[in-house]
$ cat query-v4.txt   # compact mmCIF, N, CA, C and O atoms
# COMPACT_ATOMS: atom_id res chain seq x y z
N MET W 156 -34.30 74.90 57.12
CA MET W 156 -35.28 74.47 58.09
C MET W 156 -34.56 74.25 59.42
O MET W 156 -33.56 73.58 59.48
N THR W 157 -35.08 74.81 60.46
CA THR W 157 -34.46 74.67 61.77
C THR W 157 -34.86 73.34 62.40
O THR W 157 -35.80 72.69 61.96
N GLU W 158 -34.12 72.96 63.46
CA GLU W 158 -34.43 71.73 64.17
C GLU W 158 -35.87 71.75 64.66
O GLU W 158 -36.62 70.81 64.50
N ARG W 159 -36.24 72.87 65.28
CA ARG W 159 -37.57 72.97 65.86
C ARG W 159 -38.64 72.85 64.77
O ARG W 159 -39.63 72.15 64.95
N THR W 160 -38.44 73.48 63.67
CA THR W 160 -39.41 73.41 62.59
C THR W 160 -39.57 71.98 62.10
O THR W 160 -40.68 71.51 61.88
N PHE W 161 -38.46 71.26 61.95
CA PHE W 161 -38.53 69.88 61.48
C PHE W 161 -39.26 69.01 62.50
O PHE W 161 -40.13 68.21 62.13
N LEU W 162 -38.94 69.18 63.78
CA LEU W 162 -39.63 68.42 64.81
C LEU W 162 -41.12 68.77 64.86
O LEU W 162 -41.96 67.90 65.06
N GLU W 163 -41.44 70.03 64.65
CA GLU W 163 -42.85 70.44 64.62
C GLU W 163 -43.57 69.78 63.45
O GLU W 163 -44.73 69.39 63.57
N GLN W 164 -42.87 69.66 62.33
CA GLN W 164 -43.48 68.98 61.16
C GLN W 164 -43.74 67.51 61.48
O GLN W 164 -44.79 66.97 61.13
N LEU W 165 -42.78 66.87 62.15
CA LEU W 165 -42.98 65.47 62.52
C LEU W 165 -44.17 65.34 63.46
O LEU W 165 -45.01 64.44 63.30
N ASP W 166 -44.26 66.25 64.43
CA ASP W 166 -45.39 66.23 65.37
C ASP W 166 -46.71 66.47 64.63
O ASP W 166 -47.72 65.82 64.92
N ALA W 167 -46.71 67.40 63.71
CA ALA W 167 -47.94 67.73 62.98
C ALA W 167 -48.42 66.54 62.14
O ALA W 167 -49.62 66.27 62.08
N HIS W 168 -47.50 65.84 61.51
CA HIS W 168 -47.88 64.69 60.68
C HIS W 168 -48.21 63.49 61.55
O HIS W 168 -49.05 62.68 61.19
N ASN W 169 -47.50 63.37 62.69
CA ASN W 169 -47.80 62.33 63.68
C ASN W 169 -47.93 60.96 63.05
O ASN W 169 -48.84 60.20 63.36
N ASN W 170 -47.02 60.63 62.15
CA ASN W 170 -47.09 59.36 61.44
C ASN W 170 -45.78 58.61 61.63
O ASN W 170 -44.87 58.72 60.82
N GLU W 171 -45.72 57.83 62.70
CA GLU W 171 -44.48 57.12 63.02
C GLU W 171 -44.09 56.11 61.96
O GLU W 171 -42.90 55.95 61.66
N ALA W 172 -45.06 55.45 61.37
CA ALA W 172 -44.76 54.46 60.35
C ALA W 172 -44.07 55.11 59.15
O ALA W 172 -43.09 54.58 58.62
N GLU W 173 -44.56 56.27 58.75
CA GLU W 173 -43.95 56.97 57.61
C GLU W 173 -42.53 57.41 57.94
O GLU W 173 -41.62 57.27 57.12
N VAL W 174 -42.33 57.92 59.14
CA VAL W 174 -40.99 58.37 59.55
C VAL W 174 -40.05 57.18 59.57
O VAL W 174 -38.92 57.24 59.08
N ARG W 175 -40.50 56.05 60.10
CA ARG W 175 -39.68 54.84 60.15
C ARG W 175 -39.30 54.40 58.73
O ARG W 175 -38.15 54.06 58.46
N GLU W 176 -40.27 54.42 57.81
CA GLU W 176 -40.01 54.03 56.42
C GLU W 176 -39.01 54.99 55.77
O GLU W 176 -38.11 54.56 55.05
N ARG W 177 -39.19 56.28 56.01
CA ARG W 177 -38.27 57.26 55.42
C ARG W 177 -36.86 57.11 55.97
O ARG W 177 -35.89 57.26 55.24
N LEU W 178 -36.76 56.82 57.27
CA LEU W 178 -35.44 56.59 57.85
C LEU W 178 -34.78 55.36 57.21
O LEU W 178 -33.60 55.40 56.84
N ALA W 179 -35.54 54.29 57.07
CA ALA W 179 -35.02 53.05 56.49
C ALA W 179 -34.59 53.26 55.03
O ALA W 179 -33.59 52.69 54.59
N ALA W 180 -35.32 54.10 54.32
CA ALA W 180 -35.01 54.36 52.91
C ALA W 180 -33.90 55.39 52.73
O ALA W 180 -33.41 55.60 51.62
N GLY W 181 -33.50 56.04 53.83
CA GLY W 181 -32.45 57.04 53.74
C GLY W 181 -32.93 58.35 53.12
O GLY W 181 -32.14 59.07 52.50
N ASN W 182 -34.19 58.67 53.31
CA ASN W 182 -34.76 59.89 52.71
C ASN W 182 -34.41 61.17 53.44
O ASN W 182 -34.67 62.25 52.93
N TYR W 183 -33.86 61.06 54.65
CA TYR W 183 -33.49 62.25 55.41
C TYR W 183 -31.99 62.48 55.35
O TYR W 183 -31.22 61.52 55.32
N ASN W 184 -31.59 63.76 55.35
CA ASN W 184 -30.16 64.02 55.46
C ASN W 184 -29.72 63.66 56.88
O ASN W 184 -30.54 63.35 57.73
N SER W 185 -28.42 63.67 57.14
CA SER W 185 -27.93 63.16 58.43
C SER W 185 -28.50 63.93 59.62
O SER W 185 -28.83 63.34 60.65
N LYS W 186 -28.63 65.25 59.50
CA LYS W 186 -29.17 66.05 60.60
C LYS W 186 -30.63 65.70 60.86
O LYS W 186 -31.03 65.47 62.00
N HIS W 187 -31.42 65.63 59.80
CA HIS W 187 -32.83 65.31 59.96
C HIS W 187 -33.02 63.86 60.39
O HIS W 187 -33.95 63.55 61.13
N ALA W 188 -32.15 62.98 59.93
CA ALA W 188 -32.26 61.57 60.33
C ALA W 188 -32.06 61.43 61.83
O ALA W 188 -32.82 60.72 62.49
N SER W 189 -31.08 62.13 62.38
CA SER W 189 -30.86 62.03 63.82
C SER W 189 -32.02 62.64 64.59
O SER W 189 -32.44 62.11 65.62
N LEU W 190 -32.58 63.73 64.09
CA LEU W 190 -33.75 64.33 64.74
C LEU W 190 -34.96 63.40 64.65
O LEU W 190 -35.71 63.26 65.61
N ALA W 191 -35.15 62.76 63.50
CA ALA W 191 -36.27 61.84 63.33
C ALA W 191 -36.11 60.63 64.25
O ALA W 191 -37.09 60.16 64.83
N GLN W 192 -34.90 60.14 64.40
CA GLN W 192 -34.67 59.02 65.31
C GLN W 192 -34.97 59.43 66.76
O GLN W 192 -35.58 58.66 67.51
N GLU W 193 -34.55 60.62 67.13
CA GLU W 193 -34.83 61.11 68.47
C GLU W 193 -36.33 61.29 68.67
O GLU W 193 -36.88 60.97 69.72
N TRP W 194 -37.02 61.79 67.67
CA TRP W 194 -38.47 61.96 67.73
C TRP W 194 -39.15 60.61 67.96
O TRP W 194 -40.03 60.48 68.81
N ARG W 195 -38.72 59.60 67.21
CA ARG W 195 -39.28 58.25 67.38
C ARG W 195 -38.97 57.71 68.77
O ARG W 195 -39.82 57.10 69.41
N ARG W 196 -37.75 57.93 69.27
CA ARG W 196 -37.37 57.45 70.60
C ARG W 196 -38.27 58.09 71.66
O ARG W 196 -38.75 57.41 72.56
N ARG W 197 -38.52 59.39 71.52
CA ARG W 197 -39.38 60.08 72.48
C ARG W 197 -40.81 59.55 72.43
O ARG W 197 -41.47 59.41 73.46
N ARG W 198 -41.29 59.27 71.23
CA ARG W 198 -42.65 58.73 71.09
C ARG W 198 -42.75 57.36 71.75
O ARG W 198 -43.71 57.08 72.45
N GLU W 199 -41.75 56.52 71.51
CA GLU W 199 -41.73 55.19 72.11
C GLU W 199 -41.65 55.29 73.64
O GLU W 199 -42.33 54.54 74.35
N SER W 200 -40.85 56.22 74.13
CA SER W 200 -40.70 56.41 75.56
C SER W 200 -42.03 56.88 76.17
O SER W 200 -42.43 56.41 77.24
N ALA W 201 -42.71 57.78 75.50
CA ALA W 201 -44.00 58.27 75.98
C ALA W 201 -45.02 57.15 76.04
O ALA W 201 -45.80 57.04 77.01
N ARG W 202 -45.04 56.29 75.03
CA ARG W 202 -45.96 55.15 75.02
C ARG W 202 -45.65 54.21 76.18
O ARG W 202 -46.55 53.72 76.86
N SER W 203 -44.38 53.96 76.40
CA SER W 203 -43.96 53.08 77.48
C SER W 203 -44.37 53.64 78.84
O SER W 203 -44.87 52.92 79.71
N THR W 204 -44.16 54.94 79.02
CA THR W 204 -44.54 55.59 80.28
C THR W 204 -46.04 55.53 80.49
O THR W 204 -46.51 55.24 81.61
N GLU W 205 -46.80 55.75 79.44
CA GLU W 205 -48.26 55.70 79.53
C GLU W 205 -48.72 54.28 79.87
O GLU W 205 -49.60 54.09 80.72
N ALA W 206 -48.14 53.28 79.24
CA ALA W 206 -48.51 51.90 79.51
C ALA W 206 -48.18 51.53 80.96
O ALA W 206 -48.96 50.85 81.63
N SER W 207 -47.05 52.00 81.43
CA SER W 207 -46.65 51.73 82.81
C SER W 207 -47.62 52.38 83.80
O SER W 207 -48.01 51.76 84.80
N ALA W 208 -48.03 53.60 83.51
CA ALA W 208 -48.98 54.31 84.38
C ALA W 208 -50.32 53.58 84.41
O ALA W 208 -50.94 53.44 85.47
N LYS W 209 -50.77 53.08 83.26
CA LYS W 209 -52.04 52.35 83.22
C LYS W 209 -51.93 51.05 84.00
O LYS W 209 -52.85 50.67 84.72
N ARG W 210 -50.80 50.36 83.86
CA ARG W 210 -50.59 49.12 84.60
C ARG W 210 -50.60 49.38 86.11
O ARG W 210 -51.23 48.66 86.87
N ASP W 211 -49.90 50.44 86.51
CA ASP W 211 -49.86 50.79 87.94
C ASP W 211 -51.26 51.11 88.46
O ASP W 211 -51.62 50.72 89.57
N ALA W 212 -52.05 51.82 87.68
CA ALA W 212 -53.41 52.17 88.09
C ALA W 212 -54.27 50.92 88.24
O ALA W 212 -55.05 50.80 89.19
N ARG W 213 -54.12 49.96 87.31
CA ARG W 213 -54.87 48.71 87.42
C ARG W 213 -54.47 47.94 88.68
O ARG W 213 -55.31 47.38 89.37
N GLU W 214 -53.17 47.91 88.95
CA GLU W 214 -52.69 47.21 90.14
C GLU W 214 -53.23 47.86 91.42
O GLU W 214 -53.63 47.16 92.35
N GLU W 215 -53.24 49.18 91.45
CA GLU W 215 -53.78 49.89 92.61
C GLU W 215 -55.26 49.59 92.78
O GLU W 215 -55.74 49.39 93.91
N GLU W 216 -55.98 49.58 91.68
CA GLU W 216 -57.42 49.28 91.74
C GLU W 216 -57.65 47.85 92.25
O GLU W 216 -58.51 47.61 93.08
N THR W 217 -56.85 46.93 91.76
CA THR W 217 -56.96 45.54 92.19
C THR W 217 -56.69 45.42 93.69
O THR W 217 -57.42 44.73 94.41
N LEU W 218 -55.66 46.08 94.17
CA LEU W 218 -55.35 46.05 95.60
C LEU W 218 -56.48 46.69 96.42
O LEU W 218 -56.82 46.20 97.49
N SER W 219 -57.02 47.77 95.90
CA SER W 219 -58.12 48.46 96.60
C SER W 219 -59.33 47.55 96.71
O SER W 219 -59.98 47.49 97.77
N ILE W 220 -59.65 46.84 95.65
CA ILE W 220 -60.79 45.93 95.65
C ILE W 220 -60.53 44.78 96.62
O ILE W 220 -61.42 44.36 97.35
N ALA W 221 -59.28 44.30 96.63
CA ALA W 221 -58.93 43.17 97.50
C ALA W 221 -59.05 43.52 98.98
O ALA W 221 -59.34 42.67 99.81
N LYS W 222 -58.83 44.79 99.30
CA LYS W 222 -58.93 45.22 100.70
C LYS W 222 -60.36 45.23 101.12
O LYS W 222 -60.81 44.99 102.15

$ encode --input "query-v4.txt" --output "structure tokens"
Amino acid sequence: MTERTFLEQLDAHNNEAEVRERLAAGNYNSKHASLAQEWRRRRESARSTEASAKRDAREEETLSIAK
């Protein structure tokens, strides 16, 4: 299984809780474990970026209303 195929499988299943549990249980070989950790890091980063964008939009709206 190639790196891309494994990452595509993680994306297709889109189940972070399951990936976290499998990582904790040691169900992945070292190569897949590092890819799964990177996949989780990217997901967390995307959530953080989205939350930041929403916060910024709310702040802009609040400033616009205040004007």

$ residues_around --input "query-v4.txt" --residues "region 167-179 of chain W" --least-positions-apart "5" --cutoff "7 Å" --atoms "only N, CA, C and O atoms" --output "list of chain:residue names"
W:Phe161, W:Leu162, W:Ala188, W:Ala191, W:Arg195

$ write_last_selection --input "query-v4.txt" --atoms "N, CA, C and O atoms" --output "CSV table (one decimal), keeping the file's coordinate frame"
chain,number,residue,atom,x,y,z
W,161,PHE,N,-38.5,71.3,62.0
W,161,PHE,CA,-38.5,69.9,61.5
W,161,PHE,C,-39.3,69.0,62.5
W,161,PHE,O,-40.1,68.2,62.1
W,162,LEU,N,-38.9,69.2,63.8
W,162,LEU,CA,-39.6,68.4,64.8
W,162,LEU,C,-41.1,68.8,64.9
W,162,LEU,O,-42.0,67.9,65.1
W,188,ALA,N,-32.2,63.0,59.9
W,188,ALA,CA,-32.3,61.6,60.3
W,188,ALA,C,-32.1,61.4,61.8
W,188,ALA,O,-32.8,60.7,62.5
W,191,ALA,N,-35.2,62.8,63.5
W,191,ALA,CA,-36.3,61.8,63.3
W,191,ALA,C,-36.1,60.6,64.2
W,191,ALA,O,-37.1,60.2,64.8
W,195,ARG,N,-38.7,59.6,67.2
W,195,ARG,CA,-39.3,58.2,67.4
W,195,ARG,C,-39.0,57.7,68.8
W,195,ARG,O,-39.8,57.1,69.4

$ atom_distance --input "query-v4.txt" --atom1 "atom C of Trp194 (chain W)" --atom2 "atom N of Leu165 (chain W)"
9.3 Å

$ atom_distance --input "query-v4.txt" --atom1 "CA of Asn184 (chain W)" --atom2 "CA of Glu163 (chain W)"
16.9 Å

$ atom_distance --input "query-v4.txt" --atom1 "atom O of Arg210 (chain W)" --atom2 "atom N of Glu193 (chain W)"
28.5 Å

$ select_by_dssp --input "query-v4.txt" --residues "region 156-193 of chain W" --states "alpha helix (DSSP H)" --output "tab-separated table (two decimals) with N, CA, C and O atoms, in the coordinates of the input"
chain	number	residue	atom	x	y	z
W	158	GLU	N	-34.12	72.96	63.46
W	158	GLU	CA	-34.43	71.73	64.17
W	158	GLU	C	-35.87	71.75	64.66
W	158	GLU	O	-36.62	70.81	64.50
W	159	ARG	N	-36.24	72.87	65.28
W	159	ARG	CA	-37.57	72.97	65.86
W	159	ARG	C	-38.64	72.85	64.77
W	159	ARG	O	-39.63	72.15	64.95
W	160	THR	N	-38.44	73.48	63.67
W	160	THR	CA	-39.41	73.41	62.59
W	160	THR	C	-39.57	71.98	62.10
W	160	THR	O	-40.68	71.51	61.88
W	161	PHE	N	-38.46	71.26	61.95
W	161	PHE	CA	-38.53	69.88	61.48
W	161	PHE	C	-39.26	69.01	62.50
W	161	PHE	O	-40.13	68.21	62.13
W	162	LEU	N	-38.94	69.18	63.78
W	162	LEU	CA	-39.63	68.42	64.81
W	162	LEU	C	-41.12	68.77	64.86
W	162	LEU	O	-41.96	67.90	65.06
W	163	GLU	N	-41.44	70.03	64.65
W	163	GLU	CA	-42.85	70.44	64.62
W	163	GLU	C	-43.57	69.78	63.45
W	163	GLU	O	-44.73	69.39	63.57
W	164	GLN	N	-42.87	69.66	62.33
W	164	GLN	CA	-43.48	68.98	61.16
W	164	GLN	C	-43.74	67.51	61.48
W	164	GLN	O	-44.79	66.97	61.13
W	165	LEU	N	-42.78	66.87	62.15
W	165	LEU	CA	-42.98	65.47	62.52
W	165	LEU	C	-44.17	65.34	63.46
W	165	LEU	O	-45.01	64.44	63.30
W	166	ASP	N	-44.26	66.25	64.43
W	166	ASP	CA	-45.39	66.23	65.37
W	166	ASP	C	-46.71	66.47	64.63
W	166	ASP	O	-47.72	65.82	64.92
W	167	ALA	N	-46.71	67.40	63.71
W	167	ALA	CA	-47.94	67.73	62.98
W	167	ALA	C	-48.42	66.54	62.14
W	167	ALA	O	-49.62	66.27	62.08
W	168	HIS	N	-47.50	65.84	61.51
W	168	HIS	CA	-47.88	64.69	60.68
W	168	HIS	C	-48.21	63.49	61.55
W	168	HIS	O	-49.05	62.68	61.19
W	171	GLU	N	-45.72	57.83	62.70
W	171	GLU	CA	-44.48	57.12	63.02
W	171	GLU	C	-44.09	56.11	61.96
W	171	GLU	O	-42.90	55.95	61.66
W	172	ALA	N	-45.06	55.45	61.37
W	172	ALA	CA	-44.76	54.46	60.35
W	172	ALA	C	-44.07	55.11	59.15
W	172	ALA	O	-43.09	54.58	58.62
W	173	GLU	N	-44.56	56.27	58.75
W	173	GLU	CA	-43.95	56.97	57.61
W	173	GLU	C	-42.53	57.41	57.94
W	173	GLU	O	-41.62	57.27	57.12
W	174	VAL	N	-42.33	57.92	59.14
W	174	VAL	CA	-40.99	58.37	59.55
W	174	VAL	C	-40.05	57.18	59.57
W	174	VAL	O	-38.92	57.24	59.08
W	175	ARG	N	-40.50	56.05	60.10
W	175	ARG	CA	-39.68	54.84	60.15
W	175	ARG	C	-39.30	54.40	58.73
W	175	ARG	O	-38.15	54.06	58.46
W	176	GLU	N	-40.27	54.42	57.81
W	176	GLU	CA	-40.01	54.03	56.42
W	176	GLU	C	-39.01	54.99	55.77
W	176	GLU	O	-38.11	54.56	55.05
W	177	ARG	N	-39.19	56.28	56.01
W	177	ARG	CA	-38.27	57.26	55.42
W	177	ARG	C	-36.86	57.11	55.97
W	177	ARG	O	-35.89	57.26	55.24
W	178	LEU	N	-36.76	56.82	57.27
W	178	LEU	CA	-35.44	56.59	57.85
W	178	LEU	C	-34.78	55.36	57.21
W	178	LEU	O	-33.60	55.40	56.84
W	179	ALA	N	-35.54	54.29	57.07
W	179	ALA	CA	-35.02	53.05	56.49
W	179	ALA	C	-34.59	53.26	55.03
W	179	ALA	O	-33.59	52.69	54.59
W	180	ALA	N	-35.32	54.10	54.32
W	180	ALA	CA	-35.01	54.36	52.91
W	180	ALA	C	-33.90	55.39	52.73
W	180	ALA	O	-33.41	55.60	51.62
W	185	SER	N	-28.42	63.67	57.14
W	185	SER	CA	-27.93	63.16	58.43
W	185	SER	C	-28.50	63.93	59.62
W	185	SER	O	-28.83	63.34	60.65
W	186	LYS	N	-28.63	65.25	59.50
W	186	LYS	CA	-29.17	66.05	60.60
W	186	LYS	C	-30.63	65.70	60.86
W	186	LYS	O	-31.03	65.47	62.00
W	187	HIS	N	-31.42	65.63	59.80
W	187	HIS	CA	-32.83	65.31	59.96
W	187	HIS	C	-33.02	63.86	60.39
W	187	HIS	O	-33.95	63.55	61.13
W	188	ALA	N	-32.15	62.98	59.93
W	188	ALA	CA	-32.26	61.57	60.33
W	188	ALA	C	-32.06	61.43	61.83
W	188	ALA	O	-32.82	60.72	62.49
W	189	SER	N	-31.08	62.13	62.38
W	189	SER	CA	-30.86	62.03	63.82
W	189	SER	C	-32.02	62.64	64.59
W	189	SER	O	-32.44	62.11	65.62
W	190	LEU	N	-32.58	63.73	64.09
W	190	LEU	CA	-33.75	64.33	64.74
W	190	LEU	C	-34.96	63.40	64.65
W	190	LEU	O	-35.71	63.26	65.61
W	191	ALA	N	-35.15	62.76	63.50
W	191	ALA	CA	-36.27	61.84	63.33
W	191	ALA	C	-36.11	60.63	64.25
W	191	ALA	O	-37.09	60.16	64.83
W	192	GLN	N	-34.90	60.14	64.40
W	192	GLN	CA	-34.67	59.02	65.31
W	192	GLN	C	-34.97	59.43	66.76
W	192	GLN	O	-35.58	58.66	67.51
W	193	GLU	N	-34.55	60.62	67.13
W	193	GLU	CA	-34.83	61.11	68.47
W	193	GLU	C	-36.33	61.29	68.67
W	193	GLU	O	-36.88	60.97	69.72
